[in-house]
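Trainee: Sharing upload.txt (compact mmCIF, C-alpha atoms) below.
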# COMPACT_ATOMS: atom_id res chain seq x y z
CA MET N 21 19.48 -8.87 6.82
CA MET N 22 17.83 -5.46 7.23
CA LYS N 23 18.78 -3.31 10.20
CA ILE N 24 15.46 -3.05 12.04
CA THR N 25 14.74 -1.54 15.44
CA ARG N 26 12.18 -3.76 17.16
CA LYS N 27 9.86 -3.06 20.07
CA GLY N 28 10.37 -5.75 22.69
CA THR N 29 12.10 -9.10 22.27
CA LYS N 30 9.46 -11.29 20.61
CA GLU N 31 9.86 -11.21 16.84
CA THR N 32 6.35 -11.60 15.44
CA LEU N 33 7.48 -10.54 11.97
CA LEU N 34 10.26 -12.32 10.14
CA GLU N 35 12.32 -11.27 7.14
CA ARG N 36 12.12 -12.99 3.77
CA ASP N 37 13.90 -12.14 0.51
CA PHE N 38 12.68 -12.70 -3.03
CA THR N 39 14.71 -12.32 -6.23
CA ASN N 40 13.57 -9.82 -8.85
CA ARG N 41 13.83 -10.71 -12.52
CA ASP N 42 16.93 -8.48 -12.85
CA GLY N 43 18.66 -10.46 -10.10
CA SER N 44 18.25 -7.84 -7.38
CA LEU N 45 16.65 -8.70 -4.06
CA LEU N 46 13.19 -7.80 -2.82
CA PRO N 47 13.46 -7.83 0.99
CA SER N 48 10.14 -8.20 2.82
CA LEU N 49 8.50 -9.01 6.13
CA TYR N 50 5.82 -11.58 6.89
CA PHE N 51 3.81 -13.12 9.71
CA PRO N 52 4.75 -16.82 9.94
CA THR N 53 1.63 -17.40 12.06
CA LEU N 54 -0.60 -16.52 9.10
CA GLU N 55 1.08 -19.20 6.98
CA ARG N 56 1.10 -22.00 9.54
CA ASP N 57 -1.66 -23.96 7.79
CA GLY N 58 -0.13 -23.50 4.34
CA ILE N 59 -3.27 -22.08 2.73
CA ALA N 60 -2.18 -18.45 2.48
CA MET N 61 0.82 -16.26 1.84
CA ASN N 62 1.39 -12.78 3.28
CA LEU N 63 3.96 -10.10 2.57
CA ILE N 64 4.69 -6.65 3.96
CA SER N 65 6.95 -4.66 1.70
CA THR N 66 9.83 -2.46 2.80
CA ARG N 67 11.53 0.49 1.15
CA PHE N 68 13.98 -1.88 -0.55
CA GLY N 69 13.88 -3.80 -3.81
CA GLY N 70 12.21 -1.34 -6.17
CA VAL N 71 13.14 1.22 -8.82
CA SER N 72 11.86 4.52 -7.39
CA GLU N 73 14.28 7.27 -6.39
CA GLY N 74 14.65 10.15 -3.96
CA GLN N 75 12.01 10.34 -1.24
CA PHE N 76 10.27 7.35 -2.89
CA ALA N 77 13.32 5.08 -2.82
CA SER N 78 12.92 2.45 -3.71
CA LEU N 79 9.79 0.26 -3.51
CA ASN N 80 7.14 2.96 -3.46
CA LEU N 81 3.61 1.65 -3.98
CA THR N 82 1.60 4.86 -4.14
CA ARG N 83 0.51 7.11 -6.95
CA GLY N 84 -0.35 10.77 -6.72
CA ARG N 85 2.61 11.89 -4.60
CA GLY N 86 5.05 12.63 -7.44
CA ASP N 87 6.56 9.27 -8.35
CA SER N 88 6.32 8.18 -11.99
CA GLU N 89 3.64 5.76 -13.15
CA GLU N 90 6.35 3.56 -14.71
CA ASN N 91 8.20 3.21 -11.41
CA VAL N 92 5.08 2.40 -9.41
CA ARG N 93 3.92 -0.16 -11.99
CA GLU N 94 7.31 -1.88 -11.93
CA ASN N 95 7.32 -1.93 -8.12
CA PHE N 96 3.86 -3.55 -8.10
CA THR N 97 5.04 -6.06 -10.70
CA ARG N 98 7.91 -7.10 -8.44
CA VAL N 99 5.61 -7.69 -5.49
CA ALA N 100 3.18 -9.68 -7.63
CA ALA N 101 6.07 -11.82 -8.85
CA ALA N 102 6.96 -12.64 -5.24
CA PHE N 103 3.51 -14.23 -5.01
CA GLY N 104 4.17 -16.11 -8.24
CA THR N 105 1.63 -14.06 -10.16
CA ASP N 106 1.13 -10.79 -12.05
CA LEU N 107 -0.82 -7.54 -11.88
CA LEU N 108 -3.87 -9.18 -13.49
CA HIS N 109 -4.35 -11.12 -10.26
CA CYS N 110 -4.09 -8.25 -7.76
CA VAL N 111 -6.82 -6.10 -6.20
CA CYS N 112 -6.13 -2.86 -4.35
CA SER N 113 -8.13 -1.30 -1.56
CA HIS N 114 -9.52 2.21 -2.05
CA GLN N 115 -8.52 3.86 1.21
CA VAL N 116 -10.33 6.94 2.49
CA HIS N 117 -9.99 6.40 6.27
CA GLU N 118 -13.45 4.90 6.64
CA THR N 119 -14.60 1.42 7.69
CA ASN N 120 -16.19 -0.02 4.55
CA VAL N 121 -15.15 -3.62 3.84
CA ARG N 122 -15.85 -5.23 0.46
CA ARG N 123 -15.79 -8.76 -0.83
CA VAL N 124 -13.74 -9.03 -4.03
CA GLY N 125 -13.38 -11.73 -6.67
CA LYS N 126 -12.22 -12.46 -10.20
CA ASP N 127 -14.18 -9.56 -11.69
CA ASP N 128 -12.21 -7.13 -9.53
CA ALA N 129 -8.78 -8.38 -10.59
CA GLY N 130 -6.44 -5.59 -11.64
CA MET N 131 -8.48 -2.90 -9.92
CA GLY N 132 -6.42 -0.06 -8.51
CA ILE N 133 -3.39 -1.01 -10.59
CA LEU N 134 -4.36 -1.71 -14.19
CA ARG N 135 -7.65 0.19 -14.01
CA PRO N 136 -9.22 2.73 -11.65
CA SER N 137 -11.14 1.63 -8.61
CA GLU N 138 -14.89 1.37 -9.13
CA TRP N 139 -15.65 1.99 -5.46
CA GLU N 140 -15.96 5.23 -3.54
CA SER N 141 -14.32 3.55 -0.58
CA ALA N 142 -12.94 0.20 0.51
CA ASP N 143 -10.50 0.41 3.39
CA GLY N 144 -10.92 -3.35 3.79
CA ILE N 145 -11.17 -6.14 1.22
CA VAL N 146 -11.85 -9.86 1.66
CA THR N 147 -11.96 -12.85 -0.69
CA ASN N 148 -12.21 -16.62 -0.92
CA GLU N 149 -10.79 -16.60 -4.45
CA PRO N 150 -7.48 -18.52 -4.65
CA GLY N 151 -4.63 -16.73 -6.41
CA LEU N 152 -6.04 -13.22 -5.91
CA VAL N 153 -3.59 -10.91 -4.11
CA LEU N 154 -5.22 -8.37 -1.79
CA ALA N 155 -3.22 -5.13 -1.52
CA THR N 156 -3.41 -2.33 1.08
CA PHE N 157 -1.05 0.60 1.67
CA TYR N 158 0.59 2.41 4.60
CA ALA N 159 3.01 4.98 5.93
CA ASP N 160 2.19 4.84 9.70
CA CYS N 161 -1.38 3.47 9.75
CA VAL N 162 -2.01 -0.10 10.87
CA PRO N 163 -2.21 -3.02 8.41
CA LEU N 164 -4.57 -5.81 9.48
CA LEU N 165 -4.22 -9.16 7.70
CA PHE N 166 -6.73 -12.00 8.14
CA VAL N 167 -6.61 -15.71 7.30
CA ASP N 168 -9.46 -18.19 7.85
CA PRO N 169 -7.84 -21.62 7.42
CA VAL N 170 -11.17 -23.44 7.88
CA ARG N 171 -13.44 -21.64 5.40
CA ARG N 172 -10.41 -20.77 3.26
CA ALA N 173 -10.72 -17.01 3.03
CA VAL N 174 -8.43 -14.02 3.56
CA GLY N 175 -8.75 -10.30 4.21
CA ALA N 176 -6.74 -7.09 4.48
CA SER N 177 -7.79 -3.82 6.12
CA HIS N 178 -6.28 -0.37 6.55
CA SER N 179 -6.70 0.93 10.09
CA GLY N 180 -5.65 4.55 10.61
CA TRP N 181 -6.85 6.32 13.74
CA ARG N 182 -10.30 6.83 12.22
CA GLY N 183 -10.51 3.23 11.11
CA THR N 184 -9.25 2.07 14.49
CA VAL N 185 -11.73 4.12 16.50
CA GLY N 186 -14.42 2.91 14.07
CA LYS N 187 -13.26 -0.68 14.70
CA ILE N 188 -12.62 -1.71 11.12
CA GLY N 189 -10.97 -4.84 12.49
CA ALA N 190 -14.31 -6.02 13.90
CA LYS N 191 -16.12 -5.01 10.71
CA THR N 192 -13.68 -7.11 8.69
CA VAL N 193 -14.36 -10.09 10.95
CA GLN N 194 -18.10 -9.55 10.59
CA THR N 195 -17.83 -9.28 6.80
CA MET N 196 -15.96 -12.58 6.66
CA GLU N 197 -18.65 -14.12 8.86
CA TRP N 198 -21.42 -12.92 6.52
CA GLU N 199 -19.67 -13.69 3.25
CA PHE N 200 -17.86 -16.94 4.01
CA GLY N 201 -19.33 -18.33 7.23
CA THR N 202 -16.11 -17.59 9.08
CA ASP N 203 -16.01 -18.41 12.77
CA PRO N 204 -13.96 -15.66 14.50
CA ALA N 205 -12.43 -18.34 16.71
CA ASP N 206 -10.73 -19.79 13.62
CA LEU N 207 -9.22 -16.54 12.35
CA LEU N 208 -5.50 -15.85 12.31
CA VAL N 209 -4.78 -12.11 12.34
CA GLY N 210 -1.63 -10.01 12.01
CA ILE N 211 -1.45 -6.41 13.25
CA GLY N 212 1.29 -5.07 10.99
CA PRO N 213 4.10 -2.49 11.08
CA SER N 214 2.81 0.98 11.90
CA ILE N 215 3.52 3.87 14.22
CA CYS N 216 4.04 2.96 17.87
CA ALA N 217 2.68 4.83 20.88
CA ASP N 218 6.08 6.38 21.62
CA HIS N 219 5.89 8.31 18.33
CA TYR N 220 2.14 8.79 18.01
CA GLU N 221 1.11 11.93 19.86
CA VAL N 222 -2.50 12.96 19.21
CA SER N 223 -4.65 15.90 20.22
CA GLY N 224 -7.24 15.85 22.97
CA ASP N 225 -10.19 15.57 20.57
CA VAL N 226 -8.77 12.37 19.05
CA ALA N 227 -8.10 10.99 22.52
CA GLU N 228 -11.71 11.68 23.46
CA GLU N 229 -12.94 9.70 20.46
CA PHE N 230 -10.99 6.70 21.76
CA ARG N 231 -12.31 7.15 25.29
CA LYS N 232 -15.83 6.92 23.90
CA ALA N 233 -15.12 3.97 21.62
CA PHE N 234 -13.12 2.02 24.20
CA PRO N 235 -14.76 2.67 27.59
CA ASP N 236 -12.70 1.53 30.58
CA GLN N 237 -9.63 1.02 28.37
CA GLU N 238 -8.07 4.47 28.68
CA ASN N 239 -5.09 3.27 30.71
CA ARG N 240 -4.23 0.72 28.02
CA LEU N 241 -4.55 3.08 25.06
CA LEU N 242 -3.66 6.59 26.20
CA GLU N 243 -0.63 7.95 28.05
CA TYR N 244 -0.09 11.56 29.05
CA ARG N 245 3.57 12.64 28.95
CA GLY N 246 3.35 16.26 29.91
CA ASN N 247 2.40 18.03 26.67
CA PRO N 248 -0.82 19.93 27.47
CA GLY N 249 -3.76 18.85 25.34
CA HIS N 250 -1.93 15.89 23.83
CA VAL N 251 -1.47 12.19 24.63
CA GLN N 252 0.35 9.17 23.21
CA LEU N 253 -2.03 6.75 21.46
CA ASN N 254 -1.44 3.00 21.21
CA LEU N 255 -3.08 1.92 17.95
CA TRP N 256 -1.69 -1.61 18.23
CA GLU N 257 -3.45 -2.22 21.52
CA ALA N 258 -6.69 -0.66 20.27
CA CYS N 259 -6.67 -3.04 17.29
CA ARG N 260 -5.89 -6.01 19.54
CA ILE N 261 -8.77 -5.14 21.89
CA THR N 262 -11.13 -4.75 18.93
CA LEU N 263 -10.20 -8.17 17.54
CA ARG N 264 -10.61 -9.83 20.93
CA GLU N 265 -14.05 -8.24 21.34
CA ALA N 266 -14.93 -9.56 17.87
CA GLY N 267 -14.17 -13.10 19.01
CA VAL N 268 -10.65 -13.71 17.72
CA PRO N 269 -8.67 -15.70 20.32
CA GLU N 270 -5.70 -13.98 21.91
CA GLU N 271 -3.33 -16.72 20.76
CA ASN N 272 -4.43 -16.17 17.14
CA ILE N 273 -3.44 -12.48 17.10
CA SER N 274 0.12 -11.53 16.17
CA VAL N 275 0.92 -7.94 17.15
CA THR N 276 3.74 -6.23 15.29
CA ASP N 277 7.06 -5.60 16.95
CA ILE N 278 8.14 -3.03 14.33
CA CYS N 279 7.33 0.69 14.29
CA THR N 280 7.42 2.65 11.03
CA ALA N 281 8.57 5.87 12.71
CA CYS N 282 11.40 4.02 14.49
CA ASN N 283 12.56 2.62 11.13
CA PRO N 284 12.22 5.37 8.50
CA GLU N 285 15.16 3.97 6.51
CA VAL N 286 13.39 0.61 6.17
CA LEU N 287 9.70 1.56 6.10
CA PHE N 288 7.89 4.67 4.88
CA SER N 289 6.68 6.87 7.74
CA HIS N 290 4.56 9.97 7.22
CA ARG N 291 5.50 11.48 10.56
CA ALA N 292 9.20 10.70 10.40
CA SER N 293 9.49 12.10 6.86
CA HIS N 294 7.16 15.08 7.46
CA GLY N 295 5.01 13.87 4.59
CA LYS N 296 7.81 13.38 2.05
CA ARG N 297 7.36 9.68 1.40
CA GLY N 298 5.88 6.81 -0.54
CA ASN N 299 3.86 3.87 0.78
CA ILE N 300 4.66 0.35 1.80
CA GLY N 301 2.11 -2.38 1.15
CA ALA N 302 0.57 -5.25 3.10
CA PHE N 303 -0.56 -8.19 0.96
CA VAL N 304 -2.28 -11.52 1.48
CA MET N 305 -3.23 -14.27 -0.97
CA LEU N 306 -5.18 -17.49 -0.62
CA ARG N 307 -3.16 -20.26 -2.25
Using structure tokens, write down the structure from this file.

Mentor:
Amino acid sequence: MMKITRKGTKETLLERDFTNRDGSLLPSLYFPTLERDGIAMNLISTRFGGVSEGQFASLNLTRGRGDSEENVRENFTRVAAAFGTDLLHCVCSHQVHETNVRRVGKDDAGMGILRPSEWESADGIVTNEPGLVLATFYADCVPLLFVDPVRRAVGASHSGWRGTVGKIGAKTVQTMEWEFGTDPADLLVGIGPSICADHYEVSGDVAEEFRKAFPDQENRLLEYRGNPGHVQLNLWEACRITLREAGVPEENISVTDICTACNPEVLFSHRASHGKRGNIGAFVMLR
């Protein structure tokens, strides 16, 4: 069992271990609510179970920050194996803190891992292709995972503050409606591990963006704690409100109980590490 500090008493995320081919363990987290119908599998990686070292120890899933390509490839391979597949059946988002959501399929397999992304941006990806693992990456931003058990489709979106104020959660719902005929009332959604309001102080200009995007919700999203020109921002609640407005029932939304900045030994956190970090991943696959 990992030593995790949780927010509140309701455990929305459970722990699950997989065994790597060398016999070591790959500890992970998952939303049991997203798997209740048996049509999908989801996984949120931790810092454990990989081969990276130093500030990237050990399951780093990001390139371009100083880790070796060999380490990152092996870490991805271990996650793919947990899904019972390989890198040829994974598709990565191309995250630029925007709100573009793309449908992906067989032709996109391997993108972002075995070959460069062909898109300028894709902070959200959706599919109805069984066996295709959707991969998104984090170190404080909010993972959003989607399962439509009726139309048999899944999605994953990266929601930083820009994506949250731009309501990428709603745009993912809308994309699944357009592409697959999804009824928002059928969706199961997980709001994954990310920075909590206690650790997420933002400047006044960011707070104003949220006041504009979420009128009459200031008391739910913003809290002033005495630092002039700064407030605490609740990204989890903003994502929950966005999903509710998009038509997802309250009982179908699982909000994380785990903060990245509260758990820097278990999850990568940009703020807690002052930028010296790797990335965790949030994954979903239609069986």

Trainee: Quick one: which region 195-245 of chain N residues come within 12 Å of region 24-36 of chain N, and what is the nearest atom pair for each with the distance in Å to one decimal, counting all atoms listed in the file, rows ordered by chain and ascending number, as JSON lines?

Mentor:
{"residue": "N:Val209", "atom": "CA", "partner": "N:Thr32", "partner_atom": "CA", "distance": 11.6}
{"residue": "N:Gly210", "atom": "CA", "partner": "N:Thr32", "partner_atom": "CA", "distance": 8.8}
{"residue": "N:Ile211", "atom": "CA", "partner": "N:Thr32", "partner_atom": "CA", "distance": 9.6}
{"residue": "N:Gly212", "atom": "CA", "partner": "N:Leu33", "partner_atom": "CA", "distance": 8.3}
{"residue": "N:Pro213", "atom": "CA", "partner": "N:Leu33", "partner_atom": "CA", "distance": 8.8}
{"residue": "N:Ser214", "atom": "CA", "partner": "N:Lys27", "partner_atom": "CA", "distance": 11.5}
{"residue": "N:Ile215", "atom": "CA", "partner": "N:Lys27", "partner_atom": "CA", "distance": 11.1}
{"residue": "N:Cys216", "atom": "CA", "partner": "N:Lys27", "partner_atom": "CA", "distance": 8.7}
{"residue": "N:Ala217", "atom": "CA", "partner": "N:Lys27", "partner_atom": "CA", "distance": 10.7}
{"residue": "N:Asp218", "atom": "CA", "partner": "N:Lys27", "partner_atom": "CA", "distance": 10.3}

Trainee: Would you mind exporting C-alpha atoms of the selected residues as a PDB file, in the frame of the given file?

Mentor:
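So selection.pdb came out as:
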ATOM      1  CA  VAL N 209      -4.780 -12.110  12.340  1.00  0.00           C
ATOM      2  CA  GLY N 210      -1.630 -10.010  12.010  1.00  0.00           C
ATOM      3  CA  ILE N 211      -1.450  -6.410  13.250  1.00  0.00           C
ATOM      4  CA  GLY N 212       1.290  -5.070  10.990  1.00  0.00           C
ATOM      5  CA  PRO N 213       4.100  -2.490  11.080  1.00  0.00           C
ATOM      6  CA  SER N 214       2.810   0.980  11.900  1.00  0.00           C
ATOM      7  CA  ILE N 215       3.520   3.870  14.220  1.00  0.00           C
ATOM      8  CA  CYS N 216       4.040   2.960  17.870  1.00  0.00           C
ATOM      9  CA  ALA N 217       2.680   4.830  20.880  1.00  0.00           C
ATOM     10  CA  ASP N 218       6.080   6.380  21.620  1.00  0.00           C
TER      11      ASP N 218
END

Trainee: From the list N:Glu199, N:Glu94, N:Asp160, N:Asp37, which residue is nearest Ser289 (chain N) when using all atoms listed in the file?

Mentor: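 Between N:Glu199, N:Glu94, N:Asp160, N:Asp37, the residue approaching Ser289 (chain N) most closely is N:Asp160.
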
Trainee: Just want the 12 Å neighbourhood of Ser48 (chain N), counted on all atoms listed in the file, with same-chain residues fewer than 4 positions away dropped. Output as number ranges by chain.

Mentor: N: 21-22, 24, 33-39, 62-70, 79, 98-99, 102-103, 213, 286-287, 300-303

Trainee: What's around Asn91 (chain N) at 12 Å? Count only C-alpha atoms, leave out sequence neighbours fewer than 5 positions away in its own chain, and write the answer as a list in words.

Mentor: Gly69, Gly70, Val71, Ser72, Glu73, Phe76, Ala77, Ser78, Leu79, Asn80, Leu81, Thr82, Arg83, Gly86, Phe96, Thr97, Arg98 and Gly298 of chain N

Trainee: Write out as a list of chain:residue names the residues lying within 7 Å of Ala176 (chain N), counting all atoms listed in the file and excluding same-chain residues fewer than 4 positions away.

Mentor: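 Here the qualifying residues turn out to be N:Gly144, N:Ile145, N:Val146, N:Leu154, N:Thr156, N:Leu164, N:Leu165, N:Phe166, N:Val304.
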
Trainee: Looking at all atoms listed in the file, which of N:Leu255, N:Leu45, N:Ala129, N:Met196 is the one that sits closest to Cys161 (chain N)?

Mentor: N:Leu255

Trainee: Using all atoms listed in the file, what does the table of region 136-231 of chain N residues within 9 Å of region 239-254 of chain N look like, with each row giving the shortest atom pair and its distance in Å to one decimal, sorted by chain and ascending number, as CSV?

Mentor:
residue,atom,partner,partner_atom,distance
N:Ile215,CA,N:Asn254,CA,8.6
N:Cys216,CA,N:Asn254,CA,6.4
N:Ala217,CA,N:Asn254,CA,4.5
N:Asp218,CA,N:Gln252,CA,6.6
N:His219,CA,N:Gln252,CA,7.4
N:Tyr220,CA,N:Gln252,CA,5.5
N:Glu221,CA,N:Gln252,CA,4.4
N:Val222,CA,N:His250,CA,5.5
N:Ser223,CA,N:His250,CA,4.5
N:Gly224,CA,N:Gly249,CA,5.2
N:Asp225,CA,N:Gly249,CA,8.7
N:Ala227,CA,N:Val251,CA,7.1
N:Phe230,CA,N:Leu241,CA,8.1
N:Arg231,CA,N:Leu242,CA,8.7

Trainee: Nearest to Leu263 (chain N): which of N:Phe200, N:Ala190, N:Val226, N:Pro235 is it, counting only C-alpha atoms?

Mentor: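 The answer is N:Ala190, which sits nearest to Leu263 (chain N).
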
Trainee: Choose the residue, out of N:Ala292, N:Cys259, N:Cys282, N:Val153, that has the smallest atom-to-atom separation from His109 (chain N); count all atoms listed in the file.

Mentor: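 Between N:Ala292, N:Cys259, N:Cys282, N:Val153, the residue approaching His109 (chain N) most closely is N:Val153.
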
Trainee: To one decimal place in Å, what is the distance between CA of Trp181 (chain N) and CA of Leu207 (chain N)?

Mentor: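 These two atoms are separated by 23.0 Å.
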
Trainee: Could you tell me how far CA of Gly175 (chain N) sits from CA of Glu140 (chain N), in Å to one decimal place?

Mentor: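 Interatomic distance here is 18.8 Å.
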
Trainee: Can you pull out every residue within 9 Å of Ser293 (chain N), counting all atoms listed in the file, but drop anything in the same chain fewer than 3 positions away, and send it as a list in words?

Mentor: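 The neighbour list is Gln75, Ala281, Pro284, Phe288, Ser289, His290, Lys296 and Arg297 of chain N.
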
Trainee: Extract, using all atoms listed in the file, all DNA, RNA and protein residues at most 12 Å from Trp198 (chain N), discarding same-chain residues fewer than 6 positions from it, and format them as number ranges by chain.

Mentor: N: 121-123, 146-147, 171, 173, 191-192, 204

Trainee: Go through N:Gln194, N:Ser274, N:Ser177, N:Asn283 and flag the residue nearest Leu54 (chain N), using all atoms listed in the file for the distances.

Mentor: N:Ser274
